[in-house]
Amino acid sequence: MAAQFGRRLRKGAMNTTVAAVAVAALAASQGPGLVTDGSGRQSATGTQPSPDAPAGDSATGNSPYYTDLPPLDSPTPSPSATADPITGDAAAGIPATVLDAYKKAADELRASKPGCNLPWELLAAIGKVESGQARGGNVDANGTTITAILGPQLNGNGFANISDTDNGRYDGDSAYDRAVGPMQFIPSTWAWAGRDGNDDGLKDPNNIYDAALAAGHYLCRFGWDLSTDSDLNSAILSYNNSTDYLNTVLSWLEYYRKGTHEVPDGTGQLPSDRSDEPAGSSPSPKPPSKKPGTQPAKPPSGGGSTSPTPPPSTPPSTPPSTPPTPTDTVDHLEDAGTAQLTAMAGDTFGERISARAETEAGKGVAKVRIRFSIVGDTDTTFTGGEKVATMVTGTSGVALAPALKAGEKTGDFTVRASVVGRSIPGIDYAATVTPRAADALARTGDEALTCVAGGEFANQVQVKATYKGAAADGVAATATLIKSADDPTANDKGPYFKDADGTAVRTLTGLETDADGLLTLPKLYADDTPGTYLLRITTTGGAVLTVELTVTAAPSPSPTASTSADASPSPSA
């Protein structure tokens, strides 16, 4: 994929002596897993993008990007928050609103996906390479770009071929998709990856807060740990599938980690070299700095490009000259035999969803991307914690979705399958999450449960719930002291529990088994009525256990010995 964009060259080549110094400087500071090439570019060792990975599976559709490299000297950030915000190397300056968006997004990911270990500097590195930090911070107070940042048409002419998926909603192009906004999402990716990062109720790819948060979630979507080299490289390559892109982002990541500083919006340093332009092209004009009460002049729009070709006023009248892709031949989707989708809360669904991409004649189409999206009010996710998964069809045209992991919210929801890059009807699969259940209950002890009338039982009742032989955790249960085996209504005499106020109660609801399936009932007491009584425990799922309780009569009082002595005979006269 990298080859179609041409060589990634840096404008202003260094002479041999300077290059040697540069290589040594970067090599001395690079982290493990990185090497430095002859241009001073840091590279990931042992990592190669997949040449077969579809462009639509990346965040950007493998759109062009800026290839400028950071200075070889470490940046000198401002010594304090009160210092002049423009001190330090100009390349290390990040516009205030843009920098705030990166840090806010990283903070949110630290809370929601702590295992990802996403550094805000990675968002800054990608933002630099994708759009030059929103074209030098050319954003309004809410973080929305003042002029559109659009990539070129992905029409197969030197780029990927991605037909329009959003009817021009985001990119203004109803013929082909374009990468949009400061983080350069293609519309088909934004449709599921978009986030509301500034809490305004919108998901706008042109807003740096929304785009930065979406990029963070995108990079963390497969449970990757970005503190490890292998996962970091995989995440970056998933954003844009190019080794040169990976190495450029890693160079900026390393640079920003050494220090950055805030600069006013609209004054950030703009890059000049782009991956689809020959070296030596004219640099981008820098927008004038903002002044209080004024708006900066609008620079040219266009996906990271400073002199983009405007979209055509009408769609092309003839199809691209490139041969049709497998996706172009898909006429419809079919269910590939998915069985009923039902699972208990907290469990993994035993059935996986499968969809088949077919031509009009019903022939399966291989190498087609199928997106599976979870829709509805549910906390169920695919394995890995994501709501969306994109899979590629095999030789039979079938794509198998990852396993579904039920959350705690019960009820119905939908999983929708759709073809990435085609506007054809999808398939909806109905799924249901049922409450946690048990099919068996048993006491954990076998001691007799007896008590003297008016006293308390020495042992508490403990039971274990199982489902298909395994411990059933989190199962709702009810305990009732019933009148008889044939009459499950609550008794009005005999043993009882106590509520928080010490009042006698004979039905307990809202009970739940613990992580080991165990349930220990509160202490039992007895009134003054001897007899044999029954305690019935029931759970969600139909498990029932009846326990016998015995209340014995209180012992009779011991007779009191007579304290009077027999009368002695009177002495004889």
# chains A, B, ... in the order shown; residues from 1 in each chain; ligands from 1
call {"tool": "residues_around", "arguments": {"residues": "Ile482 in chain A", "least_positions_apart": "5", "cutoff": "6 Å", "atoms": "only C-alpha atoms", "output": "MDAnalysis selection string"}}
result
chainID A and resid 488:491 534
call {"tool": "write_last_selection", "arguments": {"atoms": "all heavy atoms", "output": "PDB file, in the first residue's frame"}}
result
ATOM      1  N   PRO A 488     -47.578 -22.829  49.289  1.00  0.00           N
ATOM      2  CA  PRO A 488     -46.334 -22.051  49.350  1.00  0.00           C
ATOM      3  C   PRO A 488     -46.496 -20.641  49.919  1.00  0.00           C
ATOM      4  O   PRO A 488     -45.540 -19.869  49.882  1.00  0.00           O
ATOM      5  CB  PRO A 488     -45.909 -22.004  47.886  1.00  0.00           C
ATOM      6  CG  PRO A 488     -47.196 -22.039  47.130  1.00  0.00           C
ATOM      7  CD  PRO A 488     -48.121 -22.910  47.923  1.00  0.00           C
ATOM      8  N   THR A 489     -47.689 -20.303  50.434  1.00  0.00           N
ATOM      9  CA  THR A 489     -47.846 -18.970  51.010  1.00  0.00           C
ATOM     10  C   THR A 489     -47.089 -18.882  52.332  1.00  0.00           C
ATOM     11  O   THR A 489     -46.825 -19.887  52.997  1.00  0.00           O
ATOM     12  CB  THR A 489     -49.325 -18.635  51.230  1.00  0.00           C
ATOM     13  OG1 THR A 489     -49.907 -19.632  52.085  1.00  0.00           O
ATOM     14  CG2 THR A 489     -50.071 -18.595  49.899  1.00  0.00           C
ATOM     15  N   ALA A 490     -46.758 -17.663  52.713  1.00  0.00           N
ATOM     16  CA  ALA A 490     -45.968 -17.453  53.922  1.00  0.00           C
ATOM     17  C   ALA A 490     -46.754 -17.845  55.167  1.00  0.00           C
ATOM     18  O   ALA A 490     -47.954 -17.560  55.290  1.00  0.00           O
ATOM     19  CB  ALA A 490     -45.527 -16.005  54.007  1.00  0.00           C
ATOM     20  N   ASN A 491     -46.081 -18.523  56.082  1.00  0.00           N
ATOM     21  CA  ASN A 491     -46.689 -18.951  57.327  1.00  0.00           C
ATOM     22  C   ASN A 491     -46.933 -17.753  58.242  1.00  0.00           C
ATOM     23  O   ASN A 491     -46.331 -16.688  58.063  1.00  0.00           O
ATOM     24  CB  ASN A 491     -45.770 -19.964  58.019  1.00  0.00           C
ATOM     25  CG  ASN A 491     -46.533 -20.992  58.826  1.00  0.00           C
ATOM     26  OD1 ASN A 491     -47.658 -20.724  59.272  1.00  0.00           O
ATOM     27  ND2 ASN A 491     -45.921 -22.159  59.005  1.00  0.00           N
ATOM     28  N   LEU A 534     -41.354 -25.637  57.235  1.00  0.00           N
ATOM     29  CA  LEU A 534     -40.622 -25.728  55.969  1.00  0.00           C
ATOM     30  C   LEU A 534     -40.136 -24.352  55.516  1.00  0.00           C
ATOM     31  O   LEU A 534     -40.898 -23.377  55.543  1.00  0.00           O
ATOM     32  CB  LEU A 534     -41.507 -26.332  54.877  1.00  0.00           C
ATOM     33  CG  LEU A 534     -41.999 -27.763  55.125  1.00  0.00           C
ATOM     34  CD1 LEU A 534     -42.905 -28.195  53.972  1.00  0.00           C
ATOM     35  CD2 LEU A 534     -40.837 -28.731  55.282  1.00  0.00           C
TER      36      LEU A 534
END
call {"tool": "residues_around", "arguments": {"residues": "Gly384 in chain A", "least_positions_apart": "2", "cutoff": "9 Å", "atoms": "only C-alpha atoms", "output": "list in words"}}
result
Arg221, Phe222, Gly223, Thr381, Phe382, Glu386 and Lys405 of chain A
call {"tool": "write_last_selection", "arguments": {"atoms": "N, CA and C atoms", "output": "mmCIF file, in the first residue's frame"}}
result
data_model
loop_
_atom_site.group_PDB
_atom_site.id
_atom_site.type_symbol
_atom_site.label_atom_id
_atom_site.label_comp_id
_atom_site.auth_asym_id
_atom_site.auth_seq_id
_atom_site.Cartn_x
_atom_site.Cartn_y
_atom_site.Cartn_z
ATOM 1 N N ARG A 221 -9.174 -0.255 20.506
ATOM 2 C CA ARG A 221 -10.381 -1.064 20.321
ATOM 3 C C ARG A 221 -10.170 -2.570 20.432
ATOM 4 N N PHE A 222 -8.972 -3.075 20.263
ATOM 5 C CA PHE A 222 -8.752 -4.515 20.303
ATOM 6 C C PHE A 222 -8.087 -4.956 21.606
ATOM 7 N N GLY A 223 -8.197 -4.142 22.639
ATOM 8 C CA GLY A 223 -7.573 -4.508 23.903
ATOM 9 C C GLY A 223 -6.064 -4.408 23.877
ATOM 10 N N THR A 381 -21.309 -6.726 24.490
ATOM 11 C CA THR A 381 -20.240 -6.336 23.563
ATOM 12 C C THR A 381 -19.715 -7.582 22.849
ATOM 13 N N PHE A 382 -18.893 -7.342 21.835
ATOM 14 C CA PHE A 382 -18.134 -8.434 21.261
ATOM 15 C C PHE A 382 -16.941 -8.730 22.167
ATOM 16 N N GLU A 386 -15.783 -4.316 22.502
ATOM 17 C CA GLU A 386 -16.197 -3.351 21.503
ATOM 18 C C GLU A 386 -17.609 -3.623 21.023
ATOM 19 N N LYS A 405 -20.456 -11.192 24.176
ATOM 20 C CA LYS A 405 -20.349 -11.333 25.629
ATOM 21 C C LYS A 405 -21.487 -10.552 26.263
#
call {"tool": "residues_around", "arguments": {"residues": "Thr450 in chain A", "least_positions_apart": "3", "cutoff": "8 Å", "atoms": "only C-alpha atoms", "output": "PyMOL selection string"}}
result
chain A and resi 457-458+549-552
call {"tool": "select_by_dssp", "arguments": {"residues": "range 72-298 of chain A", "states": "helix (DSSP H, G or I)", "output": "PyMOL selection string"}}
result
chain A and resi 90-92+96-112+114-116+120-137+187-193+208-219+229-239+243-257
call {"tool": "atom_distance", "arguments": {"atom1": "CA of Leu72 in chain A", "atom2": "CA of Pro271 in chain A"}}
result
15.7 Å
call {"tool": "residues_around", "arguments": {"residues": "Thr60 in chain A", "least_positions_apart": "6", "cutoff": "8 Å", "atoms": "only C-alpha atoms", "output": "list in words"}}
result
Ala179, Gln184, Phe185, Ile186, Thr189, Tyr239 and Asn240 of chain A
call {"tool": "closest_atom_pairs", "arguments": {"of": "range 181-288 of chain A", "to": "range 142-154 of chain A", "cutoff": "8 Å", "atoms": "only C-alpha atoms", "output": "CSV"}}
result
residue,atom,partner,partner_atom,distance
A:Gly181,CA,A:Ile149,CA,4.9
A:Pro182,CA,A:Ile149,CA,6.6
A:Gln184,CA,A:Gly151,CA,7.4
A:Asn198,CA,A:Asn142,CA,7.9
A:Asn206,CA,A:Thr144,CA,5.6
A:Asn207,CA,A:Thr144,CA,4.0
A:Ile208,CA,A:Gly143,CA,5.3
A:Tyr209,CA,A:Gly143,CA,6.3
call {"tool": "closest_residue", "arguments": {"among": "A:Thr248, A:Ala403, A:Ala212, A:Gly517", "to": "Phe349 in chain A", "atoms": "only C-alpha atoms"}}
result
A:Ala403
call {"tool": "residues_around", "arguments": {"residues": "Glu456 in chain A", "least_positions_apart": "5", "cutoff": "10 Å", "atoms": "only C-alpha atoms", "output": "count of residues only"}}
result
11
call {"tool": "select_by_dssp", "arguments": {"residues": "range 341-533 of chain A", "states": "strand (DSSP E or B)", "output": "number ranges by chain"}}
result
A: 341-344, 348, 354-358, 364, 369-375, 381-382, 388-392, 398-400, 404-405, 411-419, 427-434, 440-443, 450-452, 456, 462-467, 470-471, 476-484, 487-490, 496-498, 504-505, 507-512, 518-520, 525, 531-533
call {"tool": "residues_around", "arguments": {"residues": "Ser238 in chain A", "least_positions_apart": "2", "cutoff": "10 Å", "atoms": "only C-alpha atoms", "output": "PyMOL selection string"}}
result
chain A and resi 49-50+53+55+57-62+218-219+232-236+240-242+246
call {"tool": "write_last_selection", "arguments": {"atoms": "C-alpha atoms", "output": "short mmCIF file (atom, residue, chain, number, x, y, z; two decimals), in the first residue's frame"}}
result
data_model
loop_
_atom_site.label_atom_id
_atom_site.label_comp_id
_atom_site.auth_asym_id
_atom_site.auth_seq_id
_atom_site.Cartn_x
_atom_site.Cartn_y
_atom_site.Cartn_z
CA PRO A 49 1.76 -3.69 7.35
CA SER A 50 -0.36 -6.23 5.56
CA ALA A 53 -5.52 -5.21 4.42
CA ALA A 55 -8.14 0.47 3.05
CA ASP A 57 -10.56 -1.09 7.56
CA SER A 58 -8.22 1.75 8.52
CA ALA A 59 -9.31 4.97 10.16
CA THR A 60 -8.17 7.07 7.22
CA GLY A 61 -8.73 4.73 4.28
CA ASN A 62 -4.92 4.90 3.93
CA TYR A 218 -10.01 3.43 17.75
CA LEU A 219 -6.42 2.82 18.83
CA LEU A 232 1.68 0.17 19.73
CA ASN A 233 2.90 -0.66 16.22
CA SER A 234 -0.23 -2.68 15.45
CA ALA A 235 -2.49 0.17 16.59
CA ILE A 236 -0.67 2.78 14.46
CA ASN A 240 -2.98 3.94 8.24
CA ASN A 241 -1.51 0.77 6.78
CA SER A 242 1.97 1.99 5.77
CA LEU A 246 4.26 4.06 11.22
#
call {"tool": "atom_distance", "arguments": {"atom1": "CA of Asp273 in chain A", "atom2": "CA of Leu226 in chain A"}}
result
27.8 Å
call {"tool": "closest_residue", "arguments": {"among": "A:Ala193, A:Gly541, A:Lys128, A:Thr329", "to": "Ala389 in chain A", "atoms": "only C-alpha atoms"}}
result
A:Ala193
call {"tool": "residues_around", "arguments": {"residues": "Thr97 in chain A", "least_positions_apart": "4", "cutoff": "8 Å", "atoms": "only C-alpha atoms", "output": "list of chain:residue names"}}
result
A:Ala101, A:Gly137, A:Val139, A:Ala141, A:Gly143, A:Asp265
